[in-house]
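Structure record follows, encoded as C-alpha cells.
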Amino acid sequence: MEVLLTPEEMSEADQRTIRGGTPGIELMDEAGRAVADTCARMMDHVAQVLVLAGPGNNGGDGFVAARILKKRGYPVRLLLLGEASRLKGDAATARDDAANAGVPIERLNLAKLPERLKEARLVVDALFGAGLDRPLEGDAAQVVHLVNERRAKTIAVDLPSGVSGGSGAVLGEAIRATRTVTFFRRKPGHLLFPGRELCGGVSVADIGISADVLEEIRPRTFVNDRELWRPHWNPPTVTGHKYDRGHALIVSGPAVRTGAARLAAVAALRAGAGLSTVAASPSAASVHAAHLTAVMLKAYKDEEQFAAILADRRLNSVVIGPAAGVGEETRRRVAMCLDGERAVVLDADALTSFAEEPEALFASIRNKTSGGVVMTPHDGEFARLFPDIAAQASMSKPDRAREAARLSGAVIVLKGADTVIASADGRAAITENASPWLATAGSGDVLAGIVCAMMAQGLPVFEAACAGVWIHGQAAKKAGPGLISEDLLPVLKDVIAELAEDRA
Ligand SMILES: NC(=O)C1=CN([C@@H]2O[C@H](COP(=O)(O)OP(=O)(O)OC[C@H]3O[C@@H](n4cnc5c(N)ncnc54)[C@H](OP(=O)(O)O)[C@@H]3O)[C@@H](O)[C@H]2O)[C@@H](O)CC1
Ligand SMILES: Nc1ncnc2c1ncn2[C@@H]1O[C@H](COP(=O)(O)OP(=O)(O)O)[C@@H](O)[C@H]1O
Ligand SMILES: [K+]
C-alpha cells in the first residue's frame, strides 16, 4: 500500500526527522544528490546543465545538485530567481557551498534566459516546490513560460514549479518536466491532473527520512493500488456456494433504455458476484429476455412487486441509476433500495434525480443501519449534488470527495482520469491505472456493476469501491485501445484470474 503525503504532511516528516537529530542540511544534501544522479542518468555524455533556483529550500536542492554535478565534471550554471540575500537557513548554506565549489551563480535575467537555455542540454527546475502557496506571476511566470517554450529536457525538483503538491492544480503557470524527482513519498499532485501530466516520469528518492514517522503522521491519502484492498478480497472457497459470493440486483431503465442495466449486470457477474439479477418493468423485461443468459430477470408491475423483489434478503447488493430516468419514480425506487440492509450503488440518474433535494438523499443514506452506500458521480453529477463543494475551486479532488462523503455518509467515487474514492472517515485513494479509452458510453455502467459485485462479495464499502475502480482500469488495459464498454466484460475474467493467482 503506497501512502501519499500532502505538502503539510511532508513538512511534518521533515520536521520530525530534523527534531530526531538529522540536520536539515543533510536532508537537502541527499535531495540534491538524488537530483544530480538523475541528471547524470538522463545525459549520455557530459554536457551543460542549467539549474534554475528559487528563493526557498527547493532552490537549496538546486544549489546542492549544481555543486555535485560540478564536482563530477559537468559544466554547470546556476541562475537564481530573486536576490541572493533572501536565501535563508539550509538554502543559504547550500548556496555558499556551491559558490565555494566554483559553481557560477548569476541572478536570473529574463532577457538573457533564452540564450542560457539554448546553451544547456538539461535544465533543472528548482524554482518552487512544496512551498508554492500562490499563483506564479510576473518574472516567475515568465521564466516558466520561456523554459516551456524552449522544450528543453527538464528535471523538476520535487514538483514541476507551479504545480500544487496537494491538488495537482497549476497555480498561474507551470513547468512541463521530462522527469520529476521527489523525496521520501509521492505527493497527491504527482497523481492528480493536470499535475500528473506535467511531471513526466516520477522517481522517489530516499533522503534519510525513516518510514517510522508515518506512524505519527497517519497519512489519509493512498494510491489505489491492489495492496490497499486485496486483503479483503477472496477467491471462492473450495466448497463454496454461489450464495457465499453474494447476489447483485440491477434496477433497469425503461424498455428503450435497457442496455445500461445489462452492462452493469453482466459486469457484476463477471466481477465475482455469485448471482446477478435484473429487475425491470414488464416491457423492459421483454427486451432483456432476448439478451440475458447467465444473468436472471425479474419483472415487476408496480411498487408493491418491486418491494417484493427487495424483500429477498439474499439480494445483498443493488445498483440503481444507470439509464433509470430522472424524476420522482427513480427517487422513490432509490428510497426503497436504501431502506434495508443491502449495499447500494447509486449512479447516474439516481444521483441527478436528487439535484433539487440532495438533503433528502443524504438523510436516507445516513439513516441506513447496515449495508454500505457508494455514489459514483462524474464531475457534472457531483456538481449537481454538492454544488457548494464543487464551487470551492481551490480544494483538491481528494478533499472535495472527502467533504462529499462526510456530508452524505456515502463512499464517493469521483470519476475521471484520476478517479478518487473517499470515505467519511477521511480516507481517500487516487487511481492511476485508468485508460483514456474508458471515456466511452456505458463504461460508468460497467463500473457500477463491478463495485456492486465487490460489495455483494462482502468487501467493506471503501475497499469495495477502490477494488471496483482498480479492476475497471485493469480491464480497460486488457481490452486495449479502441475498446467499447462491451469489451470490458469478457476481459474481467482475466483480471479476476490474475487476482486469484496472486492471492494463491
Ligand atoms: N528540510 C526540508 O524541509 C527539506 C525540503 N526540501 C525541499 O524544500 C522544498 C520546500 O521548500 P520551502 O518550504 O522553502 O518552499 P519552496 O518550494 O522552496 O518555495 C518557497 C519559496 O517560494 C516563495 N514563493 C512561494 N510561492 C511563490 C509564488 N507564487 N511566487 C513567488 N514566490 C513564491 C516563498 O516566498 P515568500 O512566500 O516568502 O514570498 C518562499 O521563498 C521542497 O519542495 C524540497 O524541494 C528538501 O531539501 C528536503 C528537505
Ligand atoms: N480520460 C479518462 N481517462 C481514464 N478514465 C476515464 C477518462 N474519462 C472517463 N474515464 C472513466 O470512464 C468512466 C466513465 O463513466 P461515466 O462518465 O459515468 O460514463 P457513462 O455514463 O457513459 O458510463 C468512469 O469510470 C471514468 O472514471
Ligand atoms: K521545482
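Every chain in the C-alpha cells takes a letter, A first, then B, and so on in the order presented; its residues are numbered from 1, and the ligands are numbered from 1 following the presented order.
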
So which bits of range 92-201 of chain A end up alpha helix (DSSP H) when you DSSP the backbone, as an NGL selection string? :A and (92-100 or 113-119 or 138-150 or 188-191 or 195-199)

Neighbours of range 188-198 of chain A within 10 Å (only C-alpha atoms; same-chain residues fewer than 2 positions away dropped), as a PyMOL selection string? chain A and resi 3-7+156+158-170+174-180+182+185-186+200-202+221-223+396-398+416-420+429-432

Only C-alpha atoms, please: the residues just picked out, written as a CSV table (one decimal), in the first residue's frame.
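The resulting file, selection18.csv, is reproduced below:
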```csv
chain,number,residue,atom,x,y,z
A,3,VAL,CA,0.7,6.4,1.0
A,4,LEU,CA,0.9,9.9,-0.4
A,5,LEU,CA,1.9,12.9,1.6
A,6,THR,CA,0.4,16.4,1.3
A,7,PRO,CA,2.9,19.2,1.4
A,156,ALA,CA,11.8,19.1,-11.8
A,158,ASP,CA,10.1,17.7,-6.0
A,159,LEU,CA,7.4,19.1,-8.3
A,160,PRO,CA,7.3,21.0,-11.6
A,161,SER,CA,7.3,24.6,-10.4
A,162,GLY,CA,3.8,26.0,-10.5
A,163,VAL,CA,2.1,22.6,-9.7
A,164,SER,CA,0.5,22.4,-6.3
A,165,GLY,CA,1.7,19.3,-4.4
A,166,GLY,CA,-1.6,18.9,-2.7
A,167,SER,CA,-4.0,19.2,-5.6
A,168,GLY,CA,-2.1,18.9,-8.8
A,169,ALA,CA,-3.5,22.2,-9.9
A,170,VAL,CA,-1.5,24.7,-11.9
A,174,ALA,CA,3.8,25.5,-14.5
A,175,ILE,CA,6.9,23.8,-15.8
A,176,ARG,CA,6.3,20.9,-18.2
A,177,ALA,CA,9.0,18.5,-16.9
A,178,THR,CA,10.6,15.4,-18.6
A,179,ARG,CA,11.1,13.8,-15.2
A,180,THR,CA,10.4,14.8,-11.6
A,182,THR,CA,10.5,13.8,-5.4
A,185,ARG,CA,7.0,9.6,-0.7
A,186,ARG,CA,5.0,10.9,-3.7
A,200,GLY,CA,6.8,13.4,-16.8
A,201,GLY,CA,8.1,10.2,-15.1
A,202,VAL,CA,8.3,10.5,-11.3
A,221,THR,CA,-4.3,9.6,1.2
A,222,PHE,CA,-3.4,6.5,-0.7
A,223,VAL,CA,-2.6,5.2,-4.2
A,396,SER,CA,-8.2,19.3,-4.1
A,397,LYS,CA,-10.1,16.5,-5.7
A,398,PRO,CA,-9.5,14.2,-2.7
A,416,GLY,CA,-12.4,11.0,-14.2
A,417,ALA,CA,-8.9,10.2,-15.5
A,418,ASP,CA,-7.7,10.3,-11.9
A,419,THR,CA,-10.8,8.8,-10.1
A,420,VAL,CA,-10.8,9.5,-6.3
A,429,ALA,CA,-7.5,6.9,-2.7
A,430,ILE,CA,-6.3,8.2,-6.0
A,431,THR,CA,-6.4,5.9,-9.0
A,432,GLU,CA,-3.6,5.8,-11.6
```

Against ligand 2, which residues of chain A fall within 9 Å? For each one I want the closest pair of atoms and the distance in Å (one decimal), counting only C-alpha atoms and all ligand atoms, rows by chain and increasing residue number, as JSON lines.
```
{"residue": "A:Ala260", "atom": "CA", "partner": "ligand 2", "partner_atom_place_in_ligand_line": "23 (O)", "distance": 7.9}
{"residue": "A:Pro322", "atom": "CA", "partner": "ligand 2", "partner_atom_place_in_ligand_line": "21 (O)", "distance": 7.5}
{"residue": "A:Ala323", "atom": "CA", "partner": "ligand 2", "partner_atom_place_in_ligand_line": "21 (O)", "distance": 8.7}
{"residue": "A:Asp347", "atom": "CA", "partner": "ligand 2", "partner_atom_place_in_ligand_line": "18 (O)", "distance": 7.6}
{"residue": "A:Ala348", "atom": "CA", "partner": "ligand 2", "partner_atom_place_in_ligand_line": "18 (O)", "distance": 6.5}
{"residue": "A:Thr376", "atom": "CA", "partner": "ligand 2", "partner_atom_place_in_ligand_line": "18 (O)", "distance": 7.6}
{"residue": "A:Pro377", "atom": "CA", "partner": "ligand 2", "partner_atom_place_in_ligand_line": "18 (O)", "distance": 6.9}
{"residue": "A:His378", "atom": "CA", "partner": "ligand 2", "partner_atom_place_in_ligand_line": "17 (O)", "distance": 5.3}
{"residue": "A:Asp379", "atom": "CA", "partner": "ligand 2", "partner_atom_place_in_ligand_line": "17 (O)", "distance": 8.3}
{"residue": "A:Gly380", "atom": "CA", "partner": "ligand 2", "partner_atom_place_in_ligand_line": "17 (O)", "distance": 8.8}
{"residue": "A:Val413", "atom": "CA", "partner": "ligand 2", "partner_atom_place_in_ligand_line": "27 (O)", "distance": 8.6}
{"residue": "A:Leu414", "atom": "CA", "partner": "ligand 2", "partner_atom_place_in_ligand_line": "27 (O)", "distance": 7.6}
{"residue": "A:Lys415", "atom": "CA", "partner": "ligand 2", "partner_atom_place_in_ligand_line": "27 (O)", "distance": 3.9}
{"residue": "A:Gly416", "atom": "CA", "partner": "ligand 2", "partner_atom_place_in_ligand_line": "27 (O)", "distance": 3.7}
{"residue": "A:Ala417", "atom": "CA", "partner": "ligand 2", "partner_atom_place_in_ligand_line": "3 (N)", "distance": 3.5}
{"residue": "A:Asp418", "atom": "CA", "partner": "ligand 2", "partner_atom_place_in_ligand_line": "4 (C)", "distance": 6.8}
{"residue": "A:Thr419", "atom": "CA", "partner": "ligand 2", "partner_atom_place_in_ligand_line": "27 (O)", "distance": 5.3}
{"residue": "A:Val420", "atom": "CA", "partner": "ligand 2", "partner_atom_place_in_ligand_line": "27 (O)", "distance": 8.8}
{"residue": "A:Glu432", "atom": "CA", "partner": "ligand 2", "partner_atom_place_in_ligand_line": "4 (C)", "distance": 8.6}
{"residue": "A:Asn433", "atom": "CA", "partner": "ligand 2", "partner_atom_place_in_ligand_line": "4 (C)", "distance": 8.1}
{"residue": "A:Ala434", "atom": "CA", "partner": "ligand 2", "partner_atom_place_in_ligand_line": "4 (C)", "distance": 4.6}
{"residue": "A:Ser435", "atom": "CA", "partner": "ligand 2", "partner_atom_place_in_ligand_line": "4 (C)", "distance": 4.4}
{"residue": "A:Pro436", "atom": "CA", "partner": "ligand 2", "partner_atom_place_in_ligand_line": "3 (N)", "distance": 3.4}
{"residue": "A:Trp437", "atom": "CA", "partner": "ligand 2", "partner_atom_place_in_ligand_line": "3 (N)", "distance": 6.5}
{"residue": "A:Leu438", "atom": "CA", "partner": "ligand 2", "partner_atom_place_in_ligand_line": "12 (O)", "distance": 4.2}
{"residue": "A:Ala439", "atom": "CA", "partner": "ligand 2", "partner_atom_place_in_ligand_line": "9 (C)", "distance": 3.9}
{"residue": "A:Thr440", "atom": "CA", "partner": "ligand 2", "partner_atom_place_in_ligand_line": "22 (O)", "distance": 5.6}
{"residue": "A:Ala441", "atom": "CA", "partner": "ligand 2", "partner_atom_place_in_ligand_line": "22 (O)", "distance": 3.5}
{"residue": "A:Gly442", "atom": "CA", "partner": "ligand 2", "partner_atom_place_in_ligand_line": "23 (O)", "distance": 3.4}
{"residue": "A:Ser443", "atom": "CA", "partner": "ligand 2", "partner_atom_place_in_ligand_line": "23 (O)", "distance": 4.0}
{"residue": "A:Gly444", "atom": "CA", "partner": "ligand 2", "partner_atom_place_in_ligand_line": "23 (O)", "distance": 3.1}
{"residue": "A:Asp445", "atom": "CA", "partner": "ligand 2", "partner_atom_place_in_ligand_line": "23 (O)", "distance": 4.8}
{"residue": "A:Val446", "atom": "CA", "partner": "ligand 2", "partner_atom_place_in_ligand_line": "23 (O)", "distance": 7.1}
{"residue": "A:Leu447", "atom": "CA", "partner": "ligand 2", "partner_atom_place_in_ligand_line": "25 (O)", "distance": 6.0}
{"residue": "A:Ala448", "atom": "CA", "partner": "ligand 2", "partner_atom_place_in_ligand_line": "25 (O)", "distance": 8.6}
{"residue": "A:Val469", "atom": "CA", "partner": "ligand 2", "partner_atom_place_in_ligand_line": "25 (O)", "distance": 7.0}
{"residue": "A:His472", "atom": "CA", "partner": "ligand 2", "partner_atom_place_in_ligand_line": "25 (O)", "distance": 7.3}
{"residue": "A:Gly473", "atom": "CA", "partner": "ligand 2", "partner_atom_place_in_ligand_line": "5 (N)", "distance": 7.5}
{"residue": "A:Ala476", "atom": "CA", "partner": "ligand 2", "partner_atom_place_in_ligand_line": "5 (N)", "distance": 9.0}
{"residue": "A:Ser485", "atom": "CA", "partner": "ligand 2", "partner_atom_place_in_ligand_line": "23 (O)", "distance": 8.2}
```

Please provide the set of residues having any atom within 7 Å of range 92-105 of chain A, restricted to only C-alpha atoms, with same-chain residues fewer than 2 positions apart removed, written as an MDAnalysis selection string. chainID A and resid 60 63:64 66:67 70 76:79 87:90 107

Just-selected residues, N, CA and C atoms written as an mmCIF file, in the first residue's frame:
```cif
data_model
loop_
_atom_site.group_PDB
_atom_site.id
_atom_site.type_symbol
_atom_site.label_atom_id
_atom_site.label_comp_id
_atom_site.auth_asym_id
_atom_site.auth_seq_id
_atom_site.Cartn_x
_atom_site.Cartn_y
_atom_site.Cartn_z
ATOM 1 N N GLY A 60 17.390 25.540 -2.677
ATOM 2 C CA GLY A 60 18.518 24.938 -1.952
ATOM 3 C C GLY A 60 18.907 23.590 -2.556
ATOM 4 N N PHE A 63 20.953 24.214 -5.571
ATOM 5 C CA PHE A 63 22.358 24.557 -5.302
ATOM 6 C C PHE A 63 23.180 23.296 -5.030
ATOM 7 N N VAL A 64 22.603 22.377 -4.267
ATOM 8 C CA VAL A 64 23.329 21.127 -3.965
ATOM 9 C C VAL A 64 23.567 20.336 -5.255
ATOM 10 N N ALA A 66 23.747 21.401 -8.275
ATOM 11 C CA ALA A 66 24.742 22.095 -9.106
ATOM 12 C C ALA A 66 26.154 21.801 -8.594
ATOM 13 N N ARG A 67 26.308 21.853 -7.267
ATOM 14 C CA ARG A 67 27.643 21.608 -6.678
ATOM 15 C C ARG A 67 28.113 20.190 -6.992
ATOM 16 N N LYS A 70 28.966 19.750 -10.672
ATOM 17 C CA LYS A 70 30.243 20.441 -10.958
ATOM 18 C C LYS A 70 31.412 19.550 -10.529
ATOM 19 N N VAL A 76 28.280 23.458 -15.339
ATOM 20 C CA VAL A 76 27.003 23.819 -14.707
ATOM 21 C C VAL A 76 26.916 25.327 -14.590
ATOM 22 N N ARG A 77 25.718 25.845 -14.730
ATOM 23 C CA ARG A 77 25.481 27.245 -14.444
ATOM 24 C C ARG A 77 24.203 27.333 -13.618
ATOM 25 N N LEU A 78 24.213 28.205 -12.623
ATOM 26 C CA LEU A 78 23.002 28.350 -11.799
ATOM 27 C C LEU A 78 22.467 29.766 -11.899
ATOM 28 N N LEU A 79 21.186 29.867 -12.197
ATOM 29 C CA LEU A 79 20.528 31.170 -12.246
ATOM 30 C C LEU A 79 19.556 31.255 -11.073
ATOM 31 N N LEU A 87 17.882 34.226 0.521
ATOM 32 C CA LEU A 87 18.048 32.811 0.902
ATOM 33 C C LEU A 87 18.341 32.713 2.394
ATOM 34 N N LYS A 88 17.697 31.747 3.042
ATOM 35 C CA LYS A 88 17.867 31.608 4.495
ATOM 36 C C LYS A 88 18.250 30.170 4.838
ATOM 37 N N GLY A 89 18.752 29.992 6.026
ATOM 38 C CA GLY A 89 18.940 28.657 6.599
ATOM 39 C C GLY A 89 19.712 27.709 5.697
ATOM 40 N N ASP A 90 19.159 26.519 5.519
ATOM 41 C CA ASP A 90 19.839 25.471 4.746
ATOM 42 C C ASP A 90 20.084 25.910 3.305
ATOM 43 N N ARG A 107 22.325 36.104 -11.059
ATOM 44 C CA ARG A 107 20.924 36.461 -10.853
ATOM 45 C C ARG A 107 20.187 36.227 -12.169
#
```

For the interface of range 304-401 of chain A with range 265-284 of chain A (cut-off 12 Å, counting only C-alpha atoms), please tabulate each contacting residue of range 304-401 of chain A alongside its nearest pair of atoms and their separation in Å to one decimal, rows sorted by chain and increasing number, as CSV.
```
residue,atom,partner,partner_atom,distance
A:Gln305,CA,A:Ser281,CA,10.0
A:Phe306,CA,A:Ala279,CA,8.0
A:Ala307,CA,A:Ala279,CA,11.0
A:Ala308,CA,A:Ala279,CA,11.1
A:Ile309,CA,A:Ala279,CA,8.0
A:Leu310,CA,A:Ala279,CA,9.7
A:Asp312,CA,A:Thr277,CA,11.9
A:Arg314,CA,A:Leu275,CA,9.8
A:Leu315,CA,A:Thr277,CA,8.5
A:Asn316,CA,A:Ala273,CA,10.1
A:Ser317,CA,A:Ala273,CA,9.3
A:Val318,CA,A:Thr277,CA,9.4
A:Val319,CA,A:Ala265,CA,8.7
A:Ile320,CA,A:Ala279,CA,10.0
A:Pro322,CA,A:Ala265,CA,10.8
A:Ala323,CA,A:Ala284,CA,11.8
A:Ala324,CA,A:Ala280,CA,10.2
A:Arg333,CA,A:Ala279,CA,11.4
A:Val345,CA,A:Ala268,CA,11.7
```

Those same residues, written as a short mmCIF file (atom, residue, chain, number, x, y, z; two decimals), in the first residue's frame with C-alpha atoms?
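Contents of the output file selection-v1.cif:
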```cif
data_model
loop_
_atom_site.label_atom_id
_atom_site.label_comp_id
_atom_site.auth_asym_id
_atom_site.auth_seq_id
_atom_site.Cartn_x
_atom_site.Cartn_y
_atom_site.Cartn_z
CA GLN A 305 -43.94 -6.02 -6.67
CA PHE A 306 -40.67 -4.06 -6.63
CA ALA A 307 -40.82 -4.18 -2.84
CA ALA A 308 -41.38 -7.93 -3.00
CA ILE A 309 -38.14 -8.34 -5.02
CA LEU A 310 -36.25 -6.25 -2.48
CA ASP A 312 -35.47 -11.27 -0.70
CA ARG A 314 -30.21 -12.83 -0.47
CA LEU A 315 -30.09 -9.97 -2.98
CA ASN A 316 -27.49 -8.23 -0.85
CA SER A 317 -26.15 -5.53 -3.19
CA VAL A 318 -28.04 -3.34 -5.64
CA VAL A 319 -27.23 -0.87 -8.42
CA ILE A 320 -29.75 1.80 -9.25
CA PRO A 322 -27.91 3.68 -14.99
CA ALA A 323 -30.48 4.85 -17.57
CA ALA A 324 -33.12 4.82 -14.82
CA ARG A 333 -37.11 3.44 -6.02
CA VAL A 345 -24.54 1.71 -5.56
#
```

Of the candidates A:Ala31, A:Ala464, A:Ala211, A:Ile250, which shows the shortest atom-to-atom distance to ligand 1, using only C-alpha atoms and all ligand atoms? A:Ala31

Leu407 in chain A environment, 9 Å, only C-alpha atoms, sequence neighbours closer than 6 positions dropped, as JSON, numbers by chain: {"A": [362, 386, 424]}

Within 8 Å of ligand 1, which residues show up when you count only C-alpha atoms and all ligand atoms? List them as a PyMOL selection string, please. chain A and resi 10-11+14-15+18+24-32+54-61+86-87+90+126-137+140+157-159+162+171-172+182-183+207

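Closest approach to Leu249 in chain A among A:Cys452, A:Ala141, A:Leu483, A:Ala205 is made by A:Cys452 (distances from only C-alpha atoms).
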
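You will find CA of Gly426 in chain A at 11.3 Å from CA of Ile412 in chain A.
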
Quick one: residues within 8 Å of Thr258 in chain A, only C-alpha atoms, excluding same-chain residues fewer than 4 positions away - as a PyMOL selection string? chain A and resi 252-254+262+284+287-288+323

Write the residues of the selection above to a file with N, CA and C atoms, as a PDB file, in the first residue's frame.
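The result, written out as selection23.pdb:
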```
ATOM      1  N   SER A 252     -33.322  -1.871 -13.725  1.00  0.00           N
ATOM      2  CA  SER A 252     -33.278  -1.462 -15.136  1.00  0.00           C
ATOM      3  C   SER A 252     -34.008  -0.148 -15.390  1.00  0.00           C
ATOM      4  N   GLY A 253     -33.655   0.496 -16.483  1.00  0.00           N
ATOM      5  CA  GLY A 253     -34.422   1.627 -17.004  1.00  0.00           C
ATOM      6  C   GLY A 253     -35.570   1.099 -17.852  1.00  0.00           C
ATOM      7  N   PRO A 254     -36.340   2.000 -18.490  1.00  0.00           N
ATOM      8  CA  PRO A 254     -37.498   1.590 -19.289  1.00  0.00           C
ATOM      9  C   PRO A 254     -37.098   0.842 -20.570  1.00  0.00           C
ATOM     10  N   ARG A 262     -27.973  -3.954 -18.404  1.00  0.00           N
ATOM     11  CA  ARG A 262     -27.319  -5.218 -18.799  1.00  0.00           C
ATOM     12  C   ARG A 262     -25.809  -5.136 -18.639  1.00  0.00           C
ATOM     13  N   ALA A 284     -39.747  -3.550 -20.289  1.00  0.00           N
ATOM     14  CA  ALA A 284     -38.275  -3.610 -20.332  1.00  0.00           C
ATOM     15  C   ALA A 284     -37.818  -5.063 -20.204  1.00  0.00           C
ATOM     16  N   VAL A 287     -37.533  -6.947 -23.396  1.00  0.00           N
ATOM     17  CA  VAL A 287     -36.308  -6.645 -24.167  1.00  0.00           C
ATOM     18  C   VAL A 287     -35.130  -7.417 -23.562  1.00  0.00           C
ATOM     19  N   HIS A 288     -34.996  -7.348 -22.238  1.00  0.00           N
ATOM     20  CA  HIS A 288     -33.889  -8.051 -21.576  1.00  0.00           C
ATOM     21  C   HIS A 288     -33.926  -9.551 -21.879  1.00  0.00           C
ATOM     22  N   ALA A 323     -29.348   4.694 -16.646  1.00  0.00           N
ATOM     23  CA  ALA A 323     -30.482   4.854 -17.566  1.00  0.00           C
ATOM     24  C   ALA A 323     -31.834   4.713 -16.875  1.00  0.00           C
TER      25      ALA A 323
END
```

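For the pair CA of Pro231 in chain A and CA of Glu486 in chain A, the separation is 29.0 Å.
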
Please determine, counting only C-alpha atoms, which residue among A:Ala261, A:Ala248, A:Ser364, A:Ala355 has the shortest atom-to-atom distance to Val451 in chain A. A:Ala248

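Candidate residues A:Val144, A:Met1, A:Val49, A:Met43 were compared for distance to ligand 3, and the nearest is A:Val144, using only C-alpha atoms and all ligand atoms.
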
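Comparing the minimum interatomic distances between ligand 3 and each of A:Pro23, A:Gly62, A:Pro387, A:Gly240, counting only C-alpha atoms and all ligand atoms, we find that A:Gly62 sits nearest.
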
Can you pull out every residue from range 417-503 of chain A that DSSP, working from the backbone, puts in strand (DSSP E or B), and format the result as an mmCIF file with N, CA and C atoms, in the first residue's frame?
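Just written: selection.cif:
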```
data_model
loop_
_atom_site.group_PDB
_atom_site.id
_atom_site.type_symbol
_atom_site.label_atom_id
_atom_site.label_comp_id
_atom_site.auth_asym_id
_atom_site.auth_seq_id
_atom_site.Cartn_x
_atom_site.Cartn_y
_atom_site.Cartn_z
ATOM 1 N N VAL A 420 -11.049 9.466 -7.785
ATOM 2 C CA VAL A 420 -10.751 9.473 -6.347
ATOM 3 C C VAL A 420 -11.886 8.780 -5.599
ATOM 4 N N ILE A 421 -11.523 7.937 -4.677
ATOM 5 C CA ILE A 421 -12.506 7.266 -3.828
ATOM 6 C C ILE A 421 -12.306 7.800 -2.417
ATOM 7 N N ALA A 422 -13.378 8.263 -1.775
ATOM 8 C CA ALA A 422 -13.210 8.822 -0.432
ATOM 9 C C ALA A 422 -14.309 8.342 0.490
ATOM 10 N N ALA A 428 -8.844 8.649 1.537
ATOM 11 C CA ALA A 428 -9.075 8.909 0.111
ATOM 12 C C ALA A 428 -8.010 8.174 -0.683
ATOM 13 N N ALA A 429 -8.420 7.600 -1.808
ATOM 14 C CA ALA A 429 -7.478 6.884 -2.669
ATOM 15 C C ALA A 429 -7.535 7.477 -4.064
ATOM 16 N N ILE A 430 -6.351 7.636 -4.675
ATOM 17 C CA ILE A 430 -6.277 8.192 -6.029
ATOM 18 C C ILE A 430 -5.897 7.065 -6.988
#
```

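Remark: for Ala453 in chain A, the closest of the candidate residues A:Lys71, A:Glu357, A:Pro481, A:Gly246 is A:Gly246 (distances computed over only C-alpha atoms).
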
What lies within 9 Å of Gly327 in chain A using only C-alpha atoms, ignoring chain neighbours under 6 positions off, as a PDB file with C-alpha atoms, in the first residue's frame?
```
ATOM      1  CA  ASP A 349     -29.873   9.174 -12.859  1.00  0.00           C
ATOM      2  CA  ALA A 350     -30.165   8.049  -9.239  1.00  0.00           C
ATOM      3  CA  THR A 352     -29.312  13.530 -10.820  1.00  0.00           C
ATOM      4  CA  SER A 353     -32.839  12.779  -9.593  1.00  0.00           C
ATOM      5  CA  PHE A 354     -31.883  14.332  -6.267  1.00  0.00           C
TER       6      PHE A 354
END
```

Near-Ala360 in chain A list (12 Å; only C-alpha atoms; drop same-chain fewer than 5 positions) as an mmCIF file with N, CA and C atoms, in the first residue's frame:
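The result, stored in around22.cif:
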```cif
data_model
loop_
_atom_site.group_PDB
_atom_site.id
_atom_site.type_symbol
_atom_site.label_atom_id
_atom_site.label_comp_id
_atom_site.auth_asym_id
_atom_site.auth_seq_id
_atom_site.Cartn_x
_atom_site.Cartn_y
_atom_site.Cartn_z
ATOM 1 N N ARG A 331 -36.589 8.552 -7.693
ATOM 2 C CA ARG A 331 -36.380 8.932 -6.279
ATOM 3 C C ARG A 331 -37.035 7.915 -5.342
ATOM 4 N N ARG A 332 -38.289 7.496 -5.691
ATOM 5 C CA ARG A 332 -38.979 6.539 -4.809
ATOM 6 C C ARG A 332 -38.265 5.194 -4.786
ATOM 7 N N VAL A 334 -35.118 4.645 -5.348
ATOM 8 C CA VAL A 334 -33.857 4.799 -4.601
ATOM 9 C C VAL A 334 -34.136 4.699 -3.104
ATOM 10 N N ALA A 335 -35.185 5.390 -2.660
ATOM 11 C CA ALA A 335 -35.513 5.356 -1.227
ATOM 12 C C ALA A 335 -35.816 3.925 -0.796
ATOM 13 N N LEU A 338 -32.615 1.984 -0.474
ATOM 14 C CA LEU A 338 -31.804 2.384 0.693
ATOM 15 C C LEU A 338 -32.419 1.906 2.006
ATOM 16 N N LEU A 351 -28.484 9.782 -9.017
ATOM 17 C CA LEU A 351 -27.864 10.967 -8.417
ATOM 18 C C LEU A 351 -28.574 12.227 -8.914
ATOM 19 N N SER A 353 -31.457 12.654 -10.065
ATOM 20 C CA SER A 353 -32.839 12.779 -9.593
ATOM 21 C C SER A 353 -32.940 13.557 -8.285
ATOM 22 N N PHE A 354 -31.845 13.621 -7.549
ATOM 23 C CA PHE A 354 -31.883 14.332 -6.267
ATOM 24 C C PHE A 354 -31.218 15.707 -6.332
ATOM 25 N N ALA A 355 -30.994 16.213 -7.530
ATOM 26 C CA ALA A 355 -30.320 17.509 -7.671
ATOM 27 C C ALA A 355 -31.054 18.619 -6.922
ATOM 28 N N ILE A 365 -29.479 7.994 3.342
ATOM 29 C CA ILE A 365 -28.204 7.256 3.440
ATOM 30 C C ILE A 365 -27.772 7.179 4.905
ATOM 31 N N ARG A 366 -27.868 8.329 5.575
ATOM 32 C CA ARG A 366 -27.413 8.348 6.979
ATOM 33 C C ARG A 366 -28.289 7.483 7.880
ATOM 34 N N ASN A 367 -29.572 7.342 7.495
ATOM 35 C CA ASN A 367 -30.484 6.535 8.320
ATOM 36 C C ASN A 367 -30.261 5.041 8.170
ATOM 37 N N LEU A 385 -25.142 17.466 -7.090
ATOM 38 C CA LEU A 385 -25.464 17.014 -5.723
ATOM 39 C C LEU A 385 -24.756 17.837 -4.652
ATOM 40 N N LEU A 407 -20.568 14.757 4.152
ATOM 41 C CA LEU A 407 -21.893 15.361 4.077
ATOM 42 C C LEU A 407 -22.986 14.326 3.814
ATOM 43 N N SER A 408 -22.687 13.356 2.961
ATOM 44 C CA SER A 408 -23.720 12.413 2.520
ATOM 45 C C SER A 408 -23.729 11.117 3.313
#
```
